[in-house]
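Have a look at data39.tsv below; it lists TSV, C-alpha atoms.
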chain	number	residue	atom	x	y	z
A	255	GLU	CA	118.65	63.57	116.07
A	256	PRO	CA	117.18	66.71	114.44
A	257	MET	CA	119.66	66.30	111.56
A	258	PRO	CA	120.05	62.53	111.07
A	259	PHE	CA	122.34	62.91	108.05
A	260	VAL	CA	124.83	65.10	109.94
A	261	PRO	CA	126.73	63.61	112.93
A	262	SER	CA	126.53	65.71	116.10
A	263	ASP	CA	130.00	64.63	117.28
A	264	LYS	CA	132.66	66.99	115.90
A	265	THR	CA	135.22	64.28	115.12
A	266	ASP	CA	132.62	62.09	113.42
A	267	LEU	CA	131.36	65.09	111.46
A	268	GLU	CA	134.82	66.02	110.17
A	269	SER	CA	135.53	62.43	109.15
A	270	ARG	CA	132.15	62.18	107.41
A	271	CYS	CA	132.66	65.45	105.53
A	272	GLU	CA	136.04	64.19	104.28
A	273	ASP	CA	134.49	60.88	103.22
A	274	ILE	CA	131.66	62.61	101.37
A	275	LEU	CA	133.98	65.00	99.53
A	276	THR	CA	136.17	62.06	98.52
A	277	MET	CA	133.18	60.07	97.28
A	278	GLN	CA	131.87	62.98	95.24
A	279	ALA	CA	135.27	63.83	93.76
A	280	THR	CA	136.06	60.18	93.00
A	281	GLY	CA	132.76	59.77	91.21
A	282	LEU	CA	133.38	62.84	89.04
A	283	MET	CA	137.03	61.86	88.47
A	284	THR	CA	135.95	58.42	87.25
A	285	ARG	CA	133.43	59.92	84.84
A	286	LEU	CA	135.91	62.47	83.46
A	287	ARG	CA	138.57	59.80	82.98
A	288	HIS	CA	136.11	57.35	81.43
A	289	ILE	CA	135.03	59.78	78.70
A	290	GLY	CA	138.47	61.35	78.26
A	291	CYS	CA	137.30	64.80	79.31
A	292	LYS	CA	139.64	67.49	80.65
A	293	ASN	CA	137.20	70.38	81.01
A	294	ALA	CA	134.21	71.04	83.23
A	295	VAL	CA	131.51	73.71	83.22
A	296	ILE	CA	129.59	74.72	86.36
A	297	GLY	CA	126.77	77.21	86.79
A	298	LEU	CA	127.80	79.13	89.88
A	299	SER	CA	125.05	81.07	91.67
A	300	GLY	CA	126.77	81.96	94.92
A	301	GLY	CA	124.57	79.49	96.77
A	302	LEU	CA	125.44	76.39	98.80
A	303	ASP	CA	124.92	73.70	96.17
A	304	SER	CA	126.94	75.23	93.34
A	305	THR	CA	129.67	76.27	95.77
A	306	LEU	CA	130.10	72.69	96.95
A	307	ALA	CA	129.92	71.37	93.38
A	308	LEU	CA	132.82	73.66	92.42
A	309	ILE	CA	134.86	72.53	95.44
A	310	VAL	CA	134.24	68.89	94.49
A	311	THR	CA	135.22	69.55	90.88
A	312	VAL	CA	138.47	71.14	92.02
A	313	HIS	CA	139.21	68.03	94.08
A	314	ALA	CA	138.50	65.79	91.08
A	315	PHE	CA	140.79	67.86	88.83
A	316	ASP	CA	143.54	67.71	91.43
A	317	MET	CA	143.17	63.93	91.64
A	318	LEU	CA	143.59	63.76	87.85
A	319	SER	CA	146.46	66.29	87.89
A	320	LEU	CA	144.47	68.51	85.54
A	321	ASP	CA	144.88	72.29	85.32
A	322	ARG	CA	142.15	74.01	87.35
A	323	LYS	CA	141.81	76.50	84.50
A	324	GLY	CA	139.96	73.70	82.75
A	325	ILE	CA	137.10	74.40	85.14
A	326	LEU	CA	134.84	77.11	83.72
A	327	ALA	CA	132.66	78.67	86.43
A	328	VAL	CA	129.79	80.53	84.77
A	329	THR	CA	127.66	82.94	86.75
A	330	MET	CA	124.52	84.08	84.92
A	331	PRO	CA	122.85	87.07	86.61
A	332	CYS	CA	119.27	87.92	85.74
A	333	PHE	CA	116.25	89.67	87.30
A	334	GLY	CA	116.59	88.23	90.82
A	335	THR	CA	120.36	88.16	91.22
A	336	SER	CA	121.76	90.12	94.13
A	337	SER	CA	125.23	91.65	94.12
A	338	ARG	CA	125.98	89.64	97.26
A	339	THR	CA	125.50	86.21	95.68
A	340	LYS	CA	127.15	87.28	92.42
A	341	SER	CA	130.19	88.59	94.29
A	342	ASN	CA	130.49	85.41	96.38
A	343	ALA	CA	130.32	83.26	93.24
A	344	VAL	CA	133.13	85.17	91.57
A	345	ILE	CA	135.33	85.26	94.69
A	346	VAL	CA	134.99	81.52	95.36
A	347	ALA	CA	135.76	80.63	91.74
A	348	GLU	CA	138.78	82.93	91.56
A	349	GLN	CA	140.20	81.71	94.87
A	350	LEU	CA	139.88	78.09	93.76
A	351	GLY	CA	141.73	78.80	90.52
A	352	ALA	CA	138.85	78.25	88.10
A	353	GLU	CA	138.20	80.38	85.03
A	354	VAL	CA	135.31	82.78	85.65
A	355	ARG	CA	132.80	83.89	83.06
A	356	VAL	CA	129.90	86.28	83.74
A	357	ILE	CA	127.02	86.04	81.27
A	358	ASP	CA	124.00	88.28	81.84
A	359	ILE	CA	121.02	86.31	80.52
A	360	SER	CA	118.36	89.01	81.02
A	361	LYS	CA	118.40	90.11	77.36
A	362	SER	CA	118.03	86.52	76.11
A	363	VAL	CA	115.19	85.82	78.54
A	364	ARG	CA	113.32	88.99	77.56
A	365	GLN	CA	113.63	88.00	73.90
A	366	HIS	CA	112.26	84.58	74.80
A	367	PHE	CA	109.31	86.21	76.58
A	368	ASP	CA	108.58	88.19	73.41
A	369	ASP	CA	108.86	85.04	71.29
A	370	ILE	CA	106.32	83.10	73.35
A	371	GLY	CA	104.05	86.07	74.08
A	372	HIS	CA	104.76	86.29	77.80
A	373	ALA	CA	104.39	89.70	79.46
A	374	HIS	CA	107.59	90.95	81.08
A	375	ASP	CA	105.72	91.80	84.29
A	376	ASP	CA	103.91	88.45	84.55
A	377	TYR	CA	105.80	86.80	87.42
A	378	SER	CA	104.14	83.40	87.08
A	379	VAL	CA	105.97	80.07	86.91
A	380	ALA	CA	106.82	80.63	83.24
A	381	PHE	CA	108.73	83.78	84.24
A	382	GLU	CA	110.82	81.79	86.71
A	383	ASN	CA	111.33	78.63	84.68
A	384	ALA	CA	112.40	80.48	81.54
A	385	GLN	CA	115.44	81.77	83.45
A	386	ALA	CA	116.37	78.33	84.80
A	387	ARG	CA	116.08	76.75	81.35
A	388	GLU	CA	118.07	79.53	79.71
A	389	ARG	CA	120.88	78.96	82.20
A	390	THR	CA	120.89	75.23	81.48
A	391	GLN	CA	121.01	75.86	77.72
A	392	VAL	CA	123.96	78.20	78.16
A	393	LEU	CA	125.85	75.69	80.32
A	394	LEU	CA	125.26	72.71	78.03
A	395	ASP	CA	126.18	74.69	74.92
A	396	ILE	CA	129.37	76.02	76.52
A	397	ALA	CA	130.20	72.46	77.58
A	398	ASN	CA	129.87	71.38	73.94
A	399	LYS	CA	131.98	74.33	72.83
A	400	VAL	CA	134.89	73.53	75.18
A	401	ASN	CA	134.47	69.74	74.94
A	402	GLY	CA	133.62	69.68	78.62
A	403	LEU	CA	131.20	68.16	81.12
A	404	ASP	CA	128.35	70.20	82.59
A	405	VAL	CA	128.60	69.44	86.32
A	406	GLY	CA	125.20	69.55	88.01
A	407	THR	CA	124.60	71.12	91.40
A	408	GLU	CA	121.07	70.07	92.47
A	409	ASP	CA	120.97	68.16	95.76
A	410	LEU	CA	118.96	65.20	97.07
A	411	SER	CA	116.62	67.33	99.20
A	412	GLU	CA	115.60	69.41	96.18
A	413	PHE	CA	115.01	66.30	94.10
A	414	VAL	CA	112.88	64.85	96.90
A	415	ASP	CA	110.61	67.91	97.06
A	416	GLY	CA	110.84	68.63	93.33
A	417	TRP	CA	112.17	72.16	93.96
A	418	CYS	CA	113.80	72.39	90.55
A	419	THR	CA	112.80	73.32	87.02
A	420	PHE	CA	112.20	70.38	84.69
A	421	ASN	CA	114.89	70.56	82.00
A	422	GLY	CA	116.38	73.50	83.87
A	423	ASP	CA	118.56	73.14	86.97
A	424	HIS	CA	117.10	69.61	87.06
A	425	ILE	CA	119.38	68.56	84.17
A	426	SER	CA	123.15	68.28	83.71
A	427	ASN	CA	125.71	65.81	82.38
A	428	TYR	CA	126.70	64.53	85.84
A	429	ASP	CA	125.39	65.77	89.21
A	430	VAL	CA	127.90	65.54	92.07
A	431	ASN	CA	125.27	66.53	94.67
A	432	LEU	CA	122.71	63.94	93.59
A	433	GLY	CA	123.20	61.87	96.75
A	434	LEU	CA	123.56	64.65	99.35
A	435	THR	CA	120.81	66.21	101.43
A	436	LYS	CA	120.76	69.97	101.91
A	437	THR	CA	121.88	69.60	105.53
A	438	GLN	CA	124.88	67.56	104.35
A	439	VAL	CA	125.74	70.15	101.71
A	440	ARG	CA	125.67	72.89	104.35
A	441	ALA	CA	127.84	70.83	106.71
A	442	ASN	CA	130.44	70.21	103.99
A	443	VAL	CA	130.67	73.87	102.98
A	444	ARG	CA	131.02	74.82	106.65
A	445	TYR	CA	133.78	72.21	107.05
A	446	ILE	CA	135.74	73.69	104.14
A	447	ALA	CA	135.27	77.22	105.55
A	448	GLN	CA	136.63	76.06	108.90
A	449	THR	CA	139.64	74.18	107.54
A	450	THR	CA	140.88	76.19	104.55
A	451	ASP	CA	144.06	78.25	104.93
A	452	ASN	CA	142.74	80.78	102.40
A	453	ALA	CA	141.24	83.64	104.44
A	454	VAL	CA	139.55	85.25	101.41
A	455	LEU	CA	137.94	81.96	100.40
A	456	ALA	CA	136.84	81.29	103.99
A	457	ALA	CA	135.18	84.70	104.28
A	458	ALA	CA	133.24	84.13	101.06
A	459	LEU	CA	132.18	80.64	102.18
A	460	TRP	CA	130.93	81.95	105.53
A	461	ASP	CA	128.85	84.53	103.68
A	462	VAL	CA	127.46	81.82	101.38
A	463	LEU	CA	126.45	79.91	104.51
A	464	ASP	CA	124.84	83.03	105.93
A	465	CYS	CA	122.66	83.63	102.86
A	466	PRO	CA	119.13	82.15	102.76
A	467	VAL	CA	118.57	79.35	100.25
A	468	THR	CA	117.08	81.07	97.20
A	469	PRO	CA	116.53	80.41	93.47
A	470	GLU	CA	116.78	84.18	92.81
A	471	LEU	CA	114.23	84.10	89.99
A	472	LEU	CA	111.81	86.87	90.99
A	473	PRO	CA	112.78	90.56	90.69
A	474	ILE	CA	114.40	92.06	93.79
A	475	HIS	CA	114.32	95.50	95.38
A	476	ASP	CA	117.18	97.41	96.99
A	477	ASP	CA	119.53	94.55	96.05
A	478	GLN	CA	118.11	92.34	98.82
A	479	ILE	CA	117.40	88.59	98.62
A	480	GLU	CA	113.61	88.25	98.78
A	481	GLN	CA	112.69	84.84	97.34
A	482	LYS	CA	113.46	82.14	99.92
A	483	SER	CA	113.05	78.45	99.13
A	484	GLU	CA	112.17	77.43	102.69
A	485	ASP	CA	109.17	79.79	102.65
A	486	ALA	CA	107.69	77.57	99.94
A	487	VAL	CA	108.78	74.04	100.88
A	488	GLY	CA	109.62	74.31	104.56
A	489	SER	CA	112.81	74.01	106.56
A	490	TYR	CA	115.36	71.75	104.89
A	491	SER	CA	116.31	70.41	108.30
A	492	LEU	CA	112.71	69.31	108.75
A	493	GLN	CA	112.48	67.94	105.20
A	494	ASP	CA	115.63	65.87	105.63
A	495	PHE	CA	114.24	64.57	108.92
A	496	PHE	CA	111.08	63.45	107.05
A	497	THR	CA	113.15	61.79	104.33
A	498	TYR	CA	115.26	59.87	106.80
A	499	ASN	CA	112.32	58.55	108.81
A	500	ILE	CA	109.87	57.84	105.98
A	501	PHE	CA	112.10	56.57	103.20
A	502	ILE	CA	115.13	55.17	105.00
A	503	CYS	CA	113.59	53.92	108.26
A	504	GLY	CA	110.27	53.08	106.57
A	505	PHE	CA	108.07	54.78	109.18
A	506	ALA	CA	104.53	55.94	108.43
A	507	PRO	CA	103.92	59.70	108.14
A	508	SER	CA	101.98	59.60	111.44
A	509	LYS	CA	104.92	58.06	113.30
A	510	THR	CA	107.26	60.52	111.60
A	511	PHE	CA	105.06	63.34	112.91
A	512	ARG	CA	105.28	62.00	116.48
A	513	LEU	CA	109.06	61.67	116.18
A	514	ALA	CA	109.33	65.22	114.79
A	515	LYS	CA	107.23	66.52	117.68
A	516	LEU	CA	109.57	64.85	120.18
A	517	THR	CA	112.72	65.87	118.34
A	518	TYR	CA	112.00	69.54	117.66
A	519	GLY	CA	110.28	70.29	120.97
A	520	GLY	CA	108.65	73.71	120.90
A	521	GLN	CA	110.31	74.83	117.69
A	522	TYR	CA	107.16	74.03	115.67
A	523	THR	CA	103.50	73.84	116.62
A	524	ASP	CA	101.54	70.68	115.81
A	525	ALA	CA	99.75	72.60	113.06
A	526	GLU	CA	103.06	73.67	111.50
A	527	LEU	CA	104.48	70.14	111.59
A	528	LEU	CA	101.33	68.75	109.98
A	529	ARG	CA	101.35	71.49	107.34
A	530	TRP	CA	104.93	70.81	106.26
A	531	LEU	CA	104.60	67.03	106.48
A	532	ARG	CA	101.44	67.12	104.37
A	533	SER	CA	103.18	69.39	101.86
A	534	TYR	CA	106.18	67.05	101.82
A	535	CYS	CA	104.00	64.00	101.09
A	536	ARG	CA	102.09	65.74	98.30
A	537	ARG	CA	105.25	67.03	96.62
A	538	TYR	CA	107.01	63.72	97.00
A	539	PHE	CA	104.48	61.97	94.78
A	540	SER	CA	103.50	64.81	92.45
A	541	GLN	CA	107.13	65.56	91.50
A	542	GLN	CA	108.19	61.97	90.73
A	543	PHE	CA	108.22	62.69	86.97
A	544	LYS	CA	111.31	64.83	87.53
A	545	ARG	CA	113.16	61.96	89.21
A	546	SER	CA	112.30	59.39	86.55
A	547	CYS	CA	114.88	60.91	84.18
A	548	LEU	CA	117.67	61.97	86.53
A	549	MET	CA	121.25	62.09	85.33
A	550	ASP	CA	124.09	60.04	86.81
A	551	GLY	CA	125.74	61.03	90.07
A	552	PRO	CA	127.43	59.43	93.09
A	553	ALA	CA	125.13	57.75	95.61
A	554	VAL	CA	126.69	58.95	98.86
A	555	GLU	CA	123.89	57.65	101.09
A	556	ALA	CA	122.24	54.24	100.99
A	557	PHE	CA	119.24	56.15	99.62
A	558	THR	CA	118.82	58.25	96.49
A	559	VAL	CA	115.79	59.08	94.35
A	560	SER	CA	117.46	58.05	91.09
A	561	PRO	CA	115.97	55.13	89.13
A	562	ARG	CA	119.57	54.03	88.53
A	563	THR	CA	119.92	53.07	92.19
A	564	GLY	CA	116.65	51.14	92.20
A	565	PHE	CA	114.26	53.89	93.27
A	566	LEU	CA	111.25	53.02	91.13
A	567	ILE	CA	107.94	54.84	91.63
A	568	PRO	CA	105.39	55.45	88.85
A	569	SER	CA	105.23	59.12	87.96
A	570	ASP	CA	101.45	59.05	88.45
A	571	ALA	CA	101.51	57.39	91.88
A	572	GLU	CA	99.06	58.89	94.37
A	573	ALA	CA	99.83	60.35	97.80
A	574	ALA	CA	96.41	59.18	99.09
A	575	LEU	CA	97.66	56.58	101.59
A	576	PHE	CA	100.19	58.97	103.10
A	577	LEU	CA	97.66	61.80	103.38
A	578	SER	CA	95.00	59.46	104.79
A	579	ASP	CA	97.43	58.43	107.54
A	580	LEU	CA	97.89	62.09	108.47
A	581	GLU	CA	94.13	62.74	108.38
A	582	LYS	CA	93.56	59.93	110.89
A	583	LEU	CA	96.29	61.37	113.10
A	584	GLU	CA	94.77	64.85	112.94
A	585	ALA	CA	91.34	63.46	113.85
A	586	GLU	CA	92.82	61.85	116.97
A	587	MET	CA	94.56	65.03	118.16
In structure tokens, write the structure found in this file.
Amino acid sequence: EPMPFVPSDKTDLESRCEDILTMQATGLMTRLRHIGCKNAVIGLSGGLDSTLALIVTVHAFDMLSLDRKGILAVTMPCFGTSSRTKSNAVIVAEQLGAEVRVIDISKSVRQHFDDIGHAHDDYSVAFENAQARERTQVLLDIANKVNGLDVGTEDLSEFVDGWCTFNGDHISNYDVNLGLTKTQVRANVRYIAQTTDNAVLAAALWDVLDCPVTPELLPIHDDQIEQKSEDAVGSYSLQDFFTYNIFICGFAPSKTFRLAKLTYGGQYTDAELLRWLRSYCRRYFSQQFKRSCLMDGPAVEAFTVSPRTGFLIPSDAEAALFLSDLEKLEAEM
């Protein structure tokens, strides 16, 4: 199966989506009830992950018979935010009955650049990460202010490849997407879009699904989404395929390559598959330090990268054995 985490049968898929939503919402409901919390704060970008996190939070609040106005959806536009994603974020939050707050963080980030001596036109990693960390500070401080829980949105695929900012979107009080791959997140949002009776909400969800996955951290032109995550880390469908075969099935990278070649047919060349598999292996080991301090979240699959579910890898572990396996394979081709 090209997407092993997502059933190809329609009936199985619908049942699985319902199960996953229930697991996520039950996990969050249990945490809220355990700490006596009646408010939640979510950073809403207009992307897939935060959209699903809001839907899950709404389910949890309904299960607790809490007022949805206790959910504060905060959208924080900055240099790379498009009007399309911002509009989708606001529409989804309003249609789900959450309170919406728009906080433009560009002024705060520019002040931070001045404080640390970073040029405003230097678009290096510091330029990107400063925005992600500013957003996290805003969310955590608002959560303190309203006596609420900052609900995280980062998914399993992004934790696997380390596509998150340490102490930025990497951190929250409780992450409802911790145990879901990107392909699962997409399937769940599509399921809600297909089954909701709210036409306005459905239209916004379909547009969220149509948008490329993007952190929106680099400046844009003509209000168009330019920064695309899959350009940097590869197709999430392919990444989730690697995760399933290497870390759930226990196959070697070389066998995973052969399976990917059979599964995806002519969609990728051998060189492309090797490039993304090599990148995946390198990132998997080099980004472990981000996973060593993950927050709590529901383990939907039998596999997560949280140390709390027994995933223990030293942060300085080497990728040498994995890469050597691929080098031998390449030499034989």
What's the 9 Å shell around segment 532-549 of chain A, counting all atoms listed in the file, without same-chain residues fewer than 6 positions away, as number ranges by chain?
A: 406, 413-421, 424-429, 432, 487-488, 493, 496, 507, 559-562, 565-574, 576-577, 580
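Distances from A:Asp464, A:Leu471, A:Gly351, A:Thr558 to Arg444 of chain A were compared using all atoms listed in the file, and the smallest one belongs to A:Asp464.
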Would you mind listing, for every residue of segment 288-402 of chain A within 7 Å of segment 436-440 of chain A, the two atoms forming the shortest contact and the distance between them in Å to one decimal, using only C-alpha atoms, sorted by chain and ascending residue number, as JSON lines?
{"residue": "A:Leu302", "atom": "CA", "partner": "A:Arg440", "partner_atom": "CA", "distance": 6.6}
{"residue": "A:Asp303", "atom": "CA", "partner": "A:Val439", "partner_atom": "CA", "distance": 6.6}
{"residue": "A:Leu306", "atom": "CA", "partner": "A:Val439", "partner_atom": "CA", "distance": 6.9}
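If you measure from each of A:Ala514, A:Val310, A:Ile357, A:Val400 to Ile500 of chain A using all atoms listed in the file, the closest one turns out to be A:Ala514.
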Per-axis box centre and lengths in Å around segment 490-501 of chain A, 5 Å margin per side, axis-aligned, as JSON:
{"center_x": 113.1, "center_y": 64.2, "center_z": 106.1, "size_x": 16.4, "size_y": 25.2, "size_z": 15.7}
One number please: atom CA of Asn401 of chain A to atom CA of His313 of chain A, in Å, one decimal.
19.8 Å
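Closest approach to Val443 of chain A from the set A:Ile370, A:Asp409, A:Lys515, A:Trp460 is made by A:Trp460, with distances taken over all atoms listed in the file.
Among the candidate residues A:Ser483, A:Asp316, A:Glu255, A:Leu350, the one lying nearest to Leu513 of chain A is A:Glu255, with distances computed using all atoms listed in the file.
Comparing A:Asp550, A:Asp368, A:Asp395, A:Glu484 by their smallest distance to Val295 of chain A, the closest is A:Asp395 (using all atoms listed in the file).
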Ile296 of chain A: which residues within 9 Å, counting all atoms listed in the file, same-chain residues fewer than 2 positions away excluded, as a PDB file with C-alpha atoms, in the coordinates of the input?
ATOM      1  CA  ALA A 294     134.210  71.040  83.230  1.00  0.00           C
ATOM      2  CA  LEU A 298     127.800  79.130  89.880  1.00  0.00           C
ATOM      3  CA  SER A 304     126.940  75.230  93.340  1.00  0.00           C
ATOM      4  CA  ALA A 307     129.920  71.370  93.380  1.00  0.00           C
ATOM      5  CA  LEU A 308     132.820  73.660  92.420  1.00  0.00           C
ATOM      6  CA  THR A 311     135.220  69.550  90.880  1.00  0.00           C
ATOM      7  CA  ILE A 325     137.100  74.400  85.140  1.00  0.00           C
ATOM      8  CA  LEU A 326     134.840  77.110  83.720  1.00  0.00           C
ATOM      9  CA  ALA A 327     132.660  78.670  86.430  1.00  0.00           C
ATOM     10  CA  VAL A 328     129.790  80.530  84.770  1.00  0.00           C
ATOM     11  CA  THR A 329     127.660  82.940  86.750  1.00  0.00           C
ATOM     12  CA  LEU A 393     125.850  75.690  80.320  1.00  0.00           C
ATOM     13  CA  LEU A 403     131.200  68.160  81.120  1.00  0.00           C
ATOM     14  CA  ASP A 404     128.350  70.200  82.590  1.00  0.00           C
ATOM     15  CA  VAL A 405     128.600  69.440  86.320  1.00  0.00           C
ATOM     16  CA  GLY A 406     125.200  69.550  88.010  1.00  0.00           C
ATOM     17  CA  THR A 407     124.600  71.120  91.400  1.00  0.00           C
TER      18      THR A 407
END
Counting only C-alpha atoms, the residue among A:Ser362, A:Thr563, A:Thr276, A:Asn293 that lies closest to Gly402 of chain A is A:Asn293
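Separating atom CA of Val344 of chain A from atom CA of Val356 of chain A is a distance of 8.5 Å.
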